[in-house]
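Peer 1: Dropping in final_22.cif, with mmCIF, C-alpha atoms.
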data_query
loop_
_atom_site.label_atom_id
_atom_site.label_comp_id
_atom_site.auth_asym_id
_atom_site.auth_seq_id
_atom_site.Cartn_x
_atom_site.Cartn_y
_atom_site.Cartn_z
CA MET A 1 72.48 142.33 150.97
CA LYS A 2 75.61 144.45 151.16
CA GLN A 3 76.99 145.75 147.92
CA ILE A 4 80.56 146.50 147.10
CA LYS A 5 80.50 150.20 146.39
CA TYR A 6 83.42 150.59 144.03
CA LEU A 7 82.34 150.44 140.42
CA GLY A 8 84.21 150.80 137.22
CA VAL A 9 87.86 150.51 136.60
CA ILE A 10 89.33 147.22 135.74
CA LEU A 11 92.45 146.91 137.78
CA ILE A 12 94.27 144.01 136.25
CA PRO A 13 97.44 145.96 135.37
CA PHE A 14 97.46 147.13 138.98
CA LEU A 15 97.21 143.57 140.16
CA PHE A 16 100.44 142.70 138.43
CA SER A 17 102.27 145.82 139.55
CA CYS A 18 101.51 146.09 143.26
CA GLU A 19 104.34 144.52 145.21
CA ASN A 20 102.56 144.27 148.56
CA GLU A 21 99.54 142.58 147.12
CA GLU A 22 101.74 140.20 145.15
CA ALA A 23 103.56 139.30 148.33
CA LYS A 24 100.24 138.50 150.01
CA GLN A 25 99.27 136.29 147.12
CA GLU A 26 102.54 134.42 147.40
CA GLU A 27 101.73 133.84 151.06
CA GLY A 28 98.59 132.10 149.85
CA ILE A 29 96.01 134.76 150.72
CA PRO A 30 93.76 135.00 147.68
CA LEU A 31 92.97 138.46 146.39
CA VAL A 32 90.53 139.57 143.77
CA ASN A 33 90.03 142.89 142.04
CA LYS A 34 86.88 144.78 142.92
CA GLU A 35 85.30 144.50 139.51
CA SER A 36 85.24 140.70 139.61
CA ALA A 37 84.15 140.81 143.25
CA LEU A 38 81.20 142.90 142.16
CA THR A 39 80.29 140.39 139.49
CA ARG A 40 80.16 137.69 142.15
CA SER A 41 78.23 139.95 144.49
CA GLU A 42 75.58 140.37 141.81
CA GLN A 43 75.49 136.61 141.33
CA ILE A 44 75.04 135.79 144.99
CA GLU A 45 72.20 138.25 145.26
CA ASN A 46 70.28 135.37 143.76
CA ILE A 47 69.67 132.90 146.55
CA VAL A 48 71.47 129.58 146.16
CA TYR A 49 69.01 126.67 146.12
CA ASN A 50 69.72 123.32 147.68
CA ILE A 51 67.88 120.15 146.72
CA PRO A 52 67.93 117.11 149.04
CA SER A 53 70.08 114.41 147.49
CA PRO A 54 68.50 111.14 146.28
CA THR A 55 70.30 109.42 149.20
CA GLU A 56 68.37 111.46 151.72
CA THR A 57 65.05 111.10 149.87
CA VAL A 58 65.40 107.34 149.26
CA SER A 59 66.44 106.77 152.90
CA ILE A 60 63.32 108.62 154.05
CA LEU A 61 61.10 106.59 151.73
CA LYS A 62 62.69 103.39 153.01
CA ARG A 63 61.85 104.37 156.57
CA ALA A 64 58.28 105.02 155.49
CA GLY A 65 58.08 101.41 154.32
CA ALA A 66 59.36 101.45 150.72
CA LYS A 67 60.84 98.23 149.29
CA TYR A 68 63.23 97.58 146.43
CA VAL A 69 61.28 96.81 143.25
CA PHE A 70 63.40 95.70 140.30
CA ASP A 71 61.07 97.27 137.71
CA TYR A 72 61.02 100.81 139.10
CA PRO A 73 64.46 102.10 138.06
CA ASN A 74 65.33 103.01 134.48
CA ASP A 75 66.35 100.07 132.28
CA PRO A 76 70.18 99.96 132.16
CA LEU A 77 69.98 99.10 128.44
CA ASN A 78 68.47 102.54 127.73
CA VAL A 79 71.84 104.13 128.44
CA GLU A 80 72.88 103.63 124.81
CA ASN A 81 69.91 105.67 123.55
CA TYR A 82 70.80 109.07 124.99
CA GLN A 83 72.45 111.34 122.46
CA SER A 84 71.54 114.94 123.33
CA LEU A 85 73.18 116.97 126.08
CA SER A 86 69.87 117.38 127.85
CA LYS A 87 69.08 113.63 127.81
CA GLU A 88 72.60 112.70 128.90
CA GLY A 89 72.56 115.16 131.81
CA LEU A 90 69.06 114.27 132.99
CA ASN A 91 69.68 110.54 132.75
CA MET A 92 72.97 110.86 134.60
CA GLY A 93 70.78 112.13 137.45
CA VAL A 94 68.18 109.38 136.89
CA TYR A 95 70.77 106.59 136.98
CA GLY A 96 72.47 108.29 139.93
CA ALA A 97 69.21 108.09 141.87
CA ASP A 98 68.74 104.47 140.75
CA LEU A 99 72.27 103.69 141.89
CA THR A 100 71.40 105.25 145.26
CA TYR A 101 68.15 103.25 145.42
CA ALA A 102 70.06 100.00 144.82
CA THR A 103 72.73 101.02 147.34
CA VAL A 104 70.31 101.97 150.12
CA PHE A 105 68.60 98.56 149.72
CA ASN A 106 71.94 96.75 149.47
CA LYS A 107 71.27 95.31 146.00
CA THR A 108 74.76 94.47 144.81
CA THR A 109 73.96 93.25 141.27
CA GLU A 110 71.78 96.28 140.55
CA THR A 111 74.44 98.56 142.02
CA THR A 112 76.90 97.22 139.44
CA PHE A 113 74.38 97.79 136.60
CA TYR A 114 73.75 101.42 137.53
CA LEU A 115 77.39 102.10 138.20
CA SER A 116 78.10 100.98 134.66
CA CYS A 117 75.36 103.33 133.37
CA VAL A 118 76.72 106.41 135.15
CA THR A 119 80.26 105.56 134.02
CA LYS A 120 79.10 105.34 130.38
CA LEU A 121 77.17 108.60 130.60
CA GLY A 122 80.16 110.15 132.37
CA ARG A 123 82.30 109.36 129.31
CA LYS A 124 79.68 110.88 126.98
CA LEU A 125 79.53 114.02 129.10
CA GLY A 126 83.32 114.28 129.24
CA VAL A 127 83.55 113.74 132.99
CA GLU A 128 85.43 110.45 132.94
CA GLN A 129 87.91 112.01 135.41
CA VAL A 130 85.20 111.68 138.06
CA PHE A 131 84.04 108.14 137.29
CA ASN A 132 87.58 106.85 137.08
CA GLU A 133 89.27 103.54 137.89
CA ASP A 134 89.80 104.52 141.53
CA VAL A 135 86.10 105.10 142.08
CA ASN A 136 85.24 101.85 140.33
CA GLU A 137 87.72 99.96 142.48
CA ARG A 138 86.42 101.56 145.69
CA ILE A 139 82.90 100.56 144.71
CA GLN A 140 83.87 97.00 143.80
CA ASP A 141 85.70 96.65 147.14
CA ASN A 142 82.76 97.97 149.15
CA VAL A 143 79.78 96.78 147.14
CA GLU A 144 78.55 94.58 150.01
CA ASN A 145 78.81 97.36 152.57
CA ARG A 146 75.71 99.55 152.41
CA ASP A 147 77.06 102.42 154.52
CA SER A 148 80.39 102.68 152.70
CA MET A 149 78.61 102.50 149.36
CA GLN A 150 76.33 105.41 150.25
CA VAL A 151 79.35 107.47 151.24
CA ILE A 152 81.19 106.63 148.00
CA VAL A 153 78.17 107.35 145.76
CA ASN A 154 77.49 110.64 147.56
CA GLU A 155 81.12 111.70 147.34
CA THR A 156 81.31 110.80 143.66
CA PHE A 157 78.23 112.86 142.76
CA TRP A 158 79.61 115.70 144.87
CA GLU A 159 82.87 115.48 142.88
CA LEU A 160 80.85 115.47 139.66
CA ASP A 161 78.98 118.60 140.69
CA ALA A 162 82.21 120.36 141.69
CA TYR A 163 84.01 119.30 138.50
CA LEU A 164 81.20 120.51 136.23
CA LYS A 165 81.11 123.85 138.04
CA GLU A 166 84.90 124.18 137.79
CA GLN A 167 84.51 123.73 134.06
CA GLY A 168 81.75 126.35 133.84
CA ARG A 169 79.22 123.65 132.93
CA GLU A 170 76.63 124.52 135.57
CA ASN A 171 73.85 123.72 133.10
CA ILE A 172 74.88 120.03 133.06
CA SER A 173 75.16 119.97 136.83
CA THR A 174 71.62 121.42 137.03
CA LEU A 175 70.34 118.76 134.62
CA VAL A 176 71.91 116.01 136.75
CA VAL A 177 70.30 117.39 139.92
CA THR A 178 66.92 117.71 138.14
CA GLY A 179 67.10 114.17 136.74
CA GLY A 180 67.96 112.81 140.19
CA TRP A 181 65.10 114.68 141.82
CA ILE A 182 62.55 113.57 139.20
CA GLU A 183 63.65 109.94 139.54
CA SER A 184 63.32 110.13 143.35
CA LEU A 185 59.86 111.66 142.87
CA TYR A 186 58.97 108.89 140.42
CA LEU A 187 60.03 106.25 142.95
CA ALA A 188 57.94 107.97 145.64
CA VAL A 189 54.93 107.99 143.29
CA GLN A 190 55.32 104.26 142.59
CA PHE A 191 55.45 103.48 146.32
CA VAL A 192 52.33 105.56 146.99
CA LYS A 193 50.51 103.88 144.09
CA THR A 194 51.25 100.40 145.39
CA ASN A 195 50.71 101.30 149.08
CA PRO A 196 47.67 103.59 149.04
CA GLU A 197 47.00 102.95 152.74
CA ASN A 198 50.47 104.16 153.77
CA ILE A 199 49.85 107.70 155.08
CA GLU A 200 53.50 108.45 155.85
CA MET A 201 54.50 107.65 152.27
CA LYS A 202 51.84 110.03 151.01
CA GLU A 203 53.11 112.75 153.34
CA ARG A 204 56.65 112.23 152.09
CA LEU A 205 55.43 112.63 148.53
CA ALA A 206 53.56 115.84 149.37
CA GLU A 207 56.66 117.26 151.06
CA GLN A 208 58.48 117.20 147.75
CA LYS A 209 56.65 120.45 147.07
CA TYR A 210 59.40 122.27 148.99
CA SER A 211 62.20 120.63 147.05
CA LEU A 212 60.39 121.53 143.84
CA ASP A 213 60.34 125.21 144.84
CA ASN A 214 64.09 125.06 145.43
CA LEU A 215 64.67 123.19 142.18
CA ILE A 216 62.70 125.78 140.20
CA GLY A 217 64.86 128.47 141.80
CA LEU A 218 68.02 126.60 140.80
CA VAL A 219 66.88 125.93 137.22
CA SER A 220 65.80 129.56 136.78
CA SER A 221 69.38 130.68 137.49
CA TYR A 222 70.53 128.84 134.34
CA LYS A 223 67.42 129.29 132.20
CA SER A 224 69.29 130.75 129.24
CA LYS A 225 71.87 127.96 129.15
CA SER A 226 71.89 125.06 126.74
CA GLY A 227 69.67 122.05 127.58
CA ILE A 228 67.78 123.75 130.41
CA ASP A 229 64.71 124.84 128.38
CA ASP A 230 63.28 121.32 128.29
CA VAL A 231 63.15 120.96 132.05
CA VAL A 232 61.54 124.33 132.80
CA GLY A 233 58.25 123.11 131.32
CA TYR A 234 58.34 119.87 133.31
CA LEU A 235 58.84 121.72 136.57
CA ASP A 236 56.18 124.33 135.84
CA ASP A 237 53.65 121.55 135.16
CA LEU A 238 54.54 119.88 138.44
CA LYS A 239 54.35 123.16 140.35
CA GLU A 240 50.79 123.71 139.14
CA ILE A 241 49.81 120.42 140.79
CA PHE A 242 51.93 120.73 143.94
CA ASP A 243 50.46 124.21 144.51
CA GLN A 244 47.07 122.57 145.04
CA ILE A 245 48.39 120.92 148.22
CA LYS A 246 47.01 122.87 151.18
CA GLU A 247 49.45 123.98 153.84
CA THR A 248 48.54 124.81 157.45
CA LYS A 249 51.22 126.35 159.63
CA THR A 250 51.28 126.57 163.43
CA MET A 251 53.94 127.64 165.92
CA ASN A 252 56.28 125.01 167.25
CA GLU A 253 56.15 124.73 171.05
CA LYS A 254 59.09 122.37 171.51
CA SER A 255 62.57 123.89 171.76
CA SER A 256 64.42 120.59 172.04
CA ASP A 257 63.85 116.88 171.59
CA ASP A 258 66.22 114.03 172.35
CA GLU A 259 68.84 116.63 173.42
CA VAL A 260 68.77 118.27 170.01
CA ALA A 261 67.39 121.77 169.31
CA VAL A 262 64.11 121.91 167.40
CA ILE A 263 63.58 124.86 165.05
CA GLY A 264 60.96 125.73 162.46
CA ASN A 265 57.19 125.61 162.31
CA VAL A 266 54.70 122.76 162.49
CA ILE A 267 53.34 122.41 158.98
CA LYS A 268 50.54 120.14 157.86
CA LEU A 269 50.10 119.32 154.19
CA GLU A 270 46.84 118.04 152.74
CA LEU A 271 47.13 116.08 149.52
CA ALA A 272 43.64 115.44 148.13
CA ASP A 273 42.99 112.21 146.21
CA ALA A 274 42.23 114.06 142.98
CA THR A 275 45.51 116.00 143.26
CA LEU A 276 47.37 112.80 143.99
CA GLU A 277 45.98 111.17 140.86
CA GLU A 278 46.91 114.17 138.79
CA LEU A 279 50.40 114.16 140.28
CA ILE A 280 50.94 110.45 139.62
CA GLU A 281 49.90 110.87 136.00
CA LYS A 282 52.11 113.91 135.41
CA VAL A 283 55.20 112.43 137.09
CA GLU A 284 54.90 109.25 135.03
CA GLU A 285 54.47 111.26 131.84
CA ILE A 286 57.55 113.42 132.51
CA ARG A 287 59.66 110.48 133.60
CA THR A 288 58.70 108.55 130.42
CA GLU A 289 59.81 111.54 128.32
CA ILE A 290 63.13 111.73 130.13
CA VAL A 291 64.10 108.06 130.02
CA GLY A 292 62.43 107.23 126.68
CA MET B 1 90.74 143.70 121.68
CA ILE B 2 93.81 141.99 123.16
CA LYS B 3 93.09 143.71 126.46
CA LYS B 4 89.51 142.34 126.38
CA ILE B 5 90.78 138.82 125.74
CA ILE B 6 93.29 139.08 128.58
CA ILE B 7 90.59 140.32 130.92
CA SER B 8 88.13 137.61 129.98
CA VAL B 9 90.81 134.88 130.30
CA PHE B 10 91.74 136.32 133.69
CA LEU B 11 88.13 136.35 134.89
CA SER B 12 87.59 132.77 133.67
CA LEU B 13 90.69 131.73 135.57
CA ILE B 14 89.34 133.39 138.71
CA THR B 15 86.11 131.36 138.34
CA PHE B 16 88.05 128.15 137.72
CA PHE B 17 90.39 128.67 140.67
CA SER B 18 87.49 129.71 142.88
CA TYR B 19 85.71 126.39 142.38
CA ALA B 20 88.92 124.40 142.59
CA GLN B 21 89.90 126.32 145.74
CA CYS B 22 86.50 125.67 147.32
CA LYS B 23 86.40 122.01 146.39
CA GLY B 24 89.75 121.24 148.02
CA PHE B 25 88.97 123.35 151.07
CA THR B 26 85.53 121.77 151.56
CA LYS B 27 86.91 118.27 151.25
CA ARG B 28 89.81 118.81 153.62
CA LYS B 29 88.40 121.13 156.25
CA CYS B 30 84.61 120.94 156.22
CA ILE B 31 83.20 117.49 155.41
CA PRO B 32 85.26 115.69 158.13
CA GLU B 33 83.55 117.90 160.75
CA LEU B 34 80.24 116.14 160.09
CA GLY B 35 81.47 113.20 162.17
CA GLU B 36 78.79 110.52 162.52
CA TYR B 37 76.31 112.55 160.42
CA LYS B 38 75.91 111.39 156.81
CA PHE B 39 76.98 114.04 154.31
CA ASN B 40 74.00 114.89 152.07
CA GLY B 41 76.26 115.18 149.04
CA GLN B 42 75.32 118.73 148.11
CA LEU B 43 77.92 121.27 147.07
CA ASN B 44 77.03 124.66 148.55
CA THR B 45 79.97 126.97 148.18
CA ALA B 46 80.52 130.63 147.44
CA VAL B 47 83.69 132.62 147.14
CA LEU B 48 83.04 135.73 149.19
CA THR B 49 84.93 138.86 150.06
CA ARG B 50 84.72 140.61 153.44
CA GLY B 51 81.41 142.35 154.05
CA GLU B 52 79.46 140.16 151.63
CA GLU B 53 76.49 137.97 152.48
CA ALA B 54 75.04 134.92 150.78
CA GLU B 55 71.71 133.17 151.21
CA LEU B 56 70.88 129.54 150.74
CA MET B 57 67.42 128.00 150.59
CA LEU B 58 67.43 124.53 152.14
CA SER B 59 64.79 121.81 152.61
CA PHE B 60 64.87 119.73 155.78
CA TYR B 61 62.85 116.58 156.43
CA SER B 62 61.17 115.79 159.73
CA LYS B 63 62.21 112.68 161.72
CA GLN B 64 65.89 113.24 161.01
CA LYS B 65 68.65 114.95 162.97
CA TYR B 66 70.73 117.44 161.04
CA ARG B 67 74.17 118.89 161.50
CA LEU B 68 74.77 122.16 159.69
CA PHE B 69 78.30 123.46 159.47
CA VAL B 70 79.32 126.77 157.96
CA CYS B 71 82.97 126.57 157.18
CA ALA B 72 84.98 129.55 155.92
CA GLU B 73 88.58 130.25 155.05
CA GLU B 74 90.50 132.14 157.73
CA GLN B 75 91.11 135.34 155.75
CA LEU B 76 87.36 136.08 155.80
CA GLY B 77 87.39 136.54 159.59
CA ASP B 78 84.62 135.29 161.89
CA VAL B 79 81.90 134.26 159.50
CA THR B 80 78.49 133.81 161.17
CA PHE B 81 75.09 132.57 160.04
CA GLU B 82 71.38 132.93 160.72
CA ILE B 83 68.55 130.52 160.03
CA MET B 84 65.16 131.97 159.08
CA ASP B 85 61.79 130.53 158.13
CA ARG B 86 60.21 131.44 154.79
CA ASP B 87 58.66 134.55 156.34
CA ARG B 88 62.18 135.59 157.32
CA ASN B 89 61.64 135.19 161.08
CA ILE B 90 65.05 134.47 162.59
CA MET B 91 65.12 131.10 164.37
CA TYR B 92 68.80 130.72 165.12
CA ARG B 93 71.86 132.98 165.25
CA SER B 94 75.30 131.42 165.40
CA LYS B 95 76.76 134.70 166.69
CA ASP B 96 75.01 134.12 170.05
CA LYS B 97 76.49 130.64 170.36
CA GLY B 98 80.09 131.18 169.30
CA THR B 99 80.18 128.17 166.99
CA ASN B 100 79.42 127.59 163.33
CA MET B 101 78.17 124.08 163.91
CA PHE B 102 74.51 123.48 164.75
CA ASN B 103 72.72 120.19 165.42
CA PHE B 104 68.95 120.37 165.13
CA LYS B 105 65.65 118.83 164.05
CA VAL B 106 62.55 120.29 162.41
CA PRO B 107 59.03 119.40 163.65
CA SER B 108 57.76 119.12 160.04
CA THR B 109 59.45 119.00 156.67
CA GLN B 110 60.07 122.56 155.54
CA GLN B 111 62.24 125.07 153.74
CA LEU B 112 64.54 127.26 155.77
CA ILE B 113 66.72 130.12 154.67
CA LEU B 114 70.34 130.23 155.73
CA ARG B 115 72.09 133.59 155.64
CA VAL B 116 75.90 133.54 155.77
CA ILE B 117 77.50 136.79 156.88
CA THR B 118 81.15 137.72 156.47
CA PRO B 119 82.39 140.43 158.84
CA GLY B 120 83.60 143.92 157.94
CA GLU B 121 83.01 146.37 155.17
CA GLY B 122 85.80 145.16 152.94
CA SER B 123 89.16 146.75 152.34
CA LYS B 124 89.75 150.33 151.16
CA HIS B 125 92.36 149.11 148.72
CA ALA B 126 91.64 148.29 145.13
CA LEU B 127 91.97 144.60 145.86
CA GLU B 128 89.85 142.52 148.21
CA PHE B 129 90.62 139.42 150.25
CA GLN B 130 88.50 136.59 149.03
CA GLY B 131 87.79 133.24 150.59
CA CYS B 132 85.72 130.16 150.22
CA THR B 133 82.63 129.62 152.35
CA SER B 134 81.00 126.20 152.38
CA VAL B 135 77.72 125.14 153.89
CA ILE B 136 77.77 121.46 154.75
CA VAL B 137 74.71 119.49 155.80
CA GLY B 138 74.76 116.02 157.32
CA PHE B 139 71.82 113.93 158.48
CA LEU B 140 71.21 111.10 160.91
CA GLU B 141 68.24 108.79 160.73
CA GLU B 142 66.41 108.61 164.05
#
For this file, produce the structure as structure tokens.
Peer 2:
Amino acid sequence: MKQIKYLGVILIPFLFSCENEEAKQEEGIPLVNKESALTRSEQIENIVYNIPSPTETVSILKRAGAKYVFDYPNDPLNVENYQSLSKEGLNMGVYGADLTYATVFNKTTETTFYLSCVTKLGRKLGVEQVFNEDVNERIQDNVENRDSMQVIVNETFWELDAYLKEQGRENISTLVVTGGWIESLYLAVQFVKTNPENIEMKERLAEQKYSLDNLIGLVSSYKSKSGIDDVVGYLDDLKEIFDQIKETKTMNEKSSDDEVAVIGNVIKLELADATLEELIEKVEEIRTEIVG
Amino acid sequence: MIKKIIISVFLSLITFFSYAQCKGFTKRKCIPELGEYKFNGQLNTAVLTRGEEAELMLSFYSKQKYRLFVCAEEQLGDVTFEIMDRDRNIMYRSKDKGTNMFNFKVPSTQQLILRVITPGEGSKHALEFQGCTSVIVGFLEE
């Protein structure tokens, strides 16, 4: 990674005195002094980690044969119980995933329940600007339309993420992402438990090992921040189990399929029964701690 | 002391405006380019200066089509990207194709590394041009 070479002097007085640079700023070309650029450069030396959204994961599980089961999501009544920052952030993610689950399966009543939960938690977390009247109205107007609902829910959680980052509250945004991922994993585990003969579902569960690696990378970036400590342990426990899944990699021979480029390797994952049992038990234990 | 406070307020404002700047830019200029692909809802943005690089670790599922779009503010110049596997073998270079939009599939679910490269070595002046770079991913069920 390239480094900005100029160290040292803070040039803020210069920023306010240089006419040419001021003129450029007025034209709308953003400028930054080298010291703050360096700070960012150091930050981006850490890779940014991306976790698939619950929408993508739930859609994939649906295609593998998952159904909507009323008892799987978190009880909407639990929303009143969350008082700590960590619980509020994690359960915002949990209810967000449950809202997605209801949306993907076109369950309008359940969608309304989970929308109410995320709105309440949004107020507690001080992000009521995101879950505002406009969003509620858009959802009420489109509640019967599965595709529009997925777009609205995705956009709203994107807005939430952006708003929290704007406010320097990346720790909460990380908790929301973690809660959403754990809830999606919990749903996957329930489907595998009730459909043991469904190989594709099992494969989809095993593939979460990659998302977990990314999530651990993301959480590690904010390890020292408030509320994050609790989740590090959960993820380390899960990693120990996911690491037991054997991976075999071969070269991909196909360069295109259905007129679309194909990139990446062919990877086969082997999830042994004993590992699966261990995984189910651990996921249920963690999820109970989060929603309890 | 006062100087320190001014500096820290200034730096916080830079962070605030950076996110706000990126959010508006991403919403207006990047997400609409996904077209029929469903936006995955992830916010991947970095405010970069010329000559900087950023890396992003992404997971992609098999049996889906993806559209990846790297969208950067004009003042950064011609931003390009590379996609690598976890062993850092390069699988795709946007520079060879002349576009920052790429539609693709993966044969198996896997992690890929995306490296975003801004051109140039940066300015010789004390101040740098900065701009928002967003990585947008959309998916289509097969």
Peer 1: Report the distance between atom CA of Gly120 of chain B and atom CA of Asn103 of chain B in Å, rounded to one decimal place.
Peer 2: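 Pair atom CA of Gly120 of chain B / atom CA of Asn103 of chain B returns 27.2 Å.
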Peer 1: Quick check on the file I pasted: which residues fall under the PyMOL selection byres ((chain B and resi 17-33) around 8)? Write them as a list in words.
Peer 2: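 Selection result, ordered by chain and number: Ala162, Lys165 and Glu166 of chain A; Leu13, Ile14, Thr15, Phe16, Leu34, Gly35, Phe39, Thr45, Ala46, Val47, Phe69, Cys71, Glu73, Cys132, Thr133, Ser134 and Ile136 of chain B.
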Peer 1: Pull out every residue that the PyMOL selection byres ((chain A and resi 78) around 10) matches in the shown coordinates and put them as a list of chain:residue names.
Peer 2: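 Applied to this file, the PyMOL selection byres ((chain A and resi 78) around 10) selects A:Asn74, A:Asp75, A:Pro76, A:Leu77, A:Val79, A:Glu80, A:Asn81, A:Tyr82, A:Asn91, A:Cys117, A:Val291, A:Gly292.
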Peer 1: Give me the residues within 10 Å of Val189 of chain A as number ranges by chain, counting all atoms listed in the file and dropping any in the same chain fewer than 2 places off.
Peer 2: A: 183-187, 191-195, 201-202, 204-205, 276-277, 279-281, 283-284
Peer 1: Show me which bits of chain B are within 7 Å of chain A, counting all atoms listed in the file, as a VMD selection string.
Peer 2: chain B and resid 16 19 to 20 23 40 to 43 51 to 59 85 91 103 to 111 126 to 131
Peer 1: Using only C-alpha atoms, collect all residues at a distance of at most 8 Å from (49.9, 118.6, 140.9) as written in the file, then present them as a list in words.
Peer 2: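 Here is the list of nearby residues: Asp237, Leu238, Lys239, Glu240, Ile241, Phe242, Asp243, Gln244, Ile245, Thr275, Leu276, Glu278, Leu279 and Lys282 of chain A.
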Peer 1: Skip segment 75-81 of chain B itself and residues of its chain fewer than 6 positions away, then list as a list in words all residues within 7 Å of it, counting only C-alpha atoms.
Peer 2: Thr49, Arg50, Arg93, Ser94, Lys95, Asn100, Leu114, Arg115, Val116, Ile117, Thr118, Pro119, Phe129, Gln130 and Gly131 of chain B
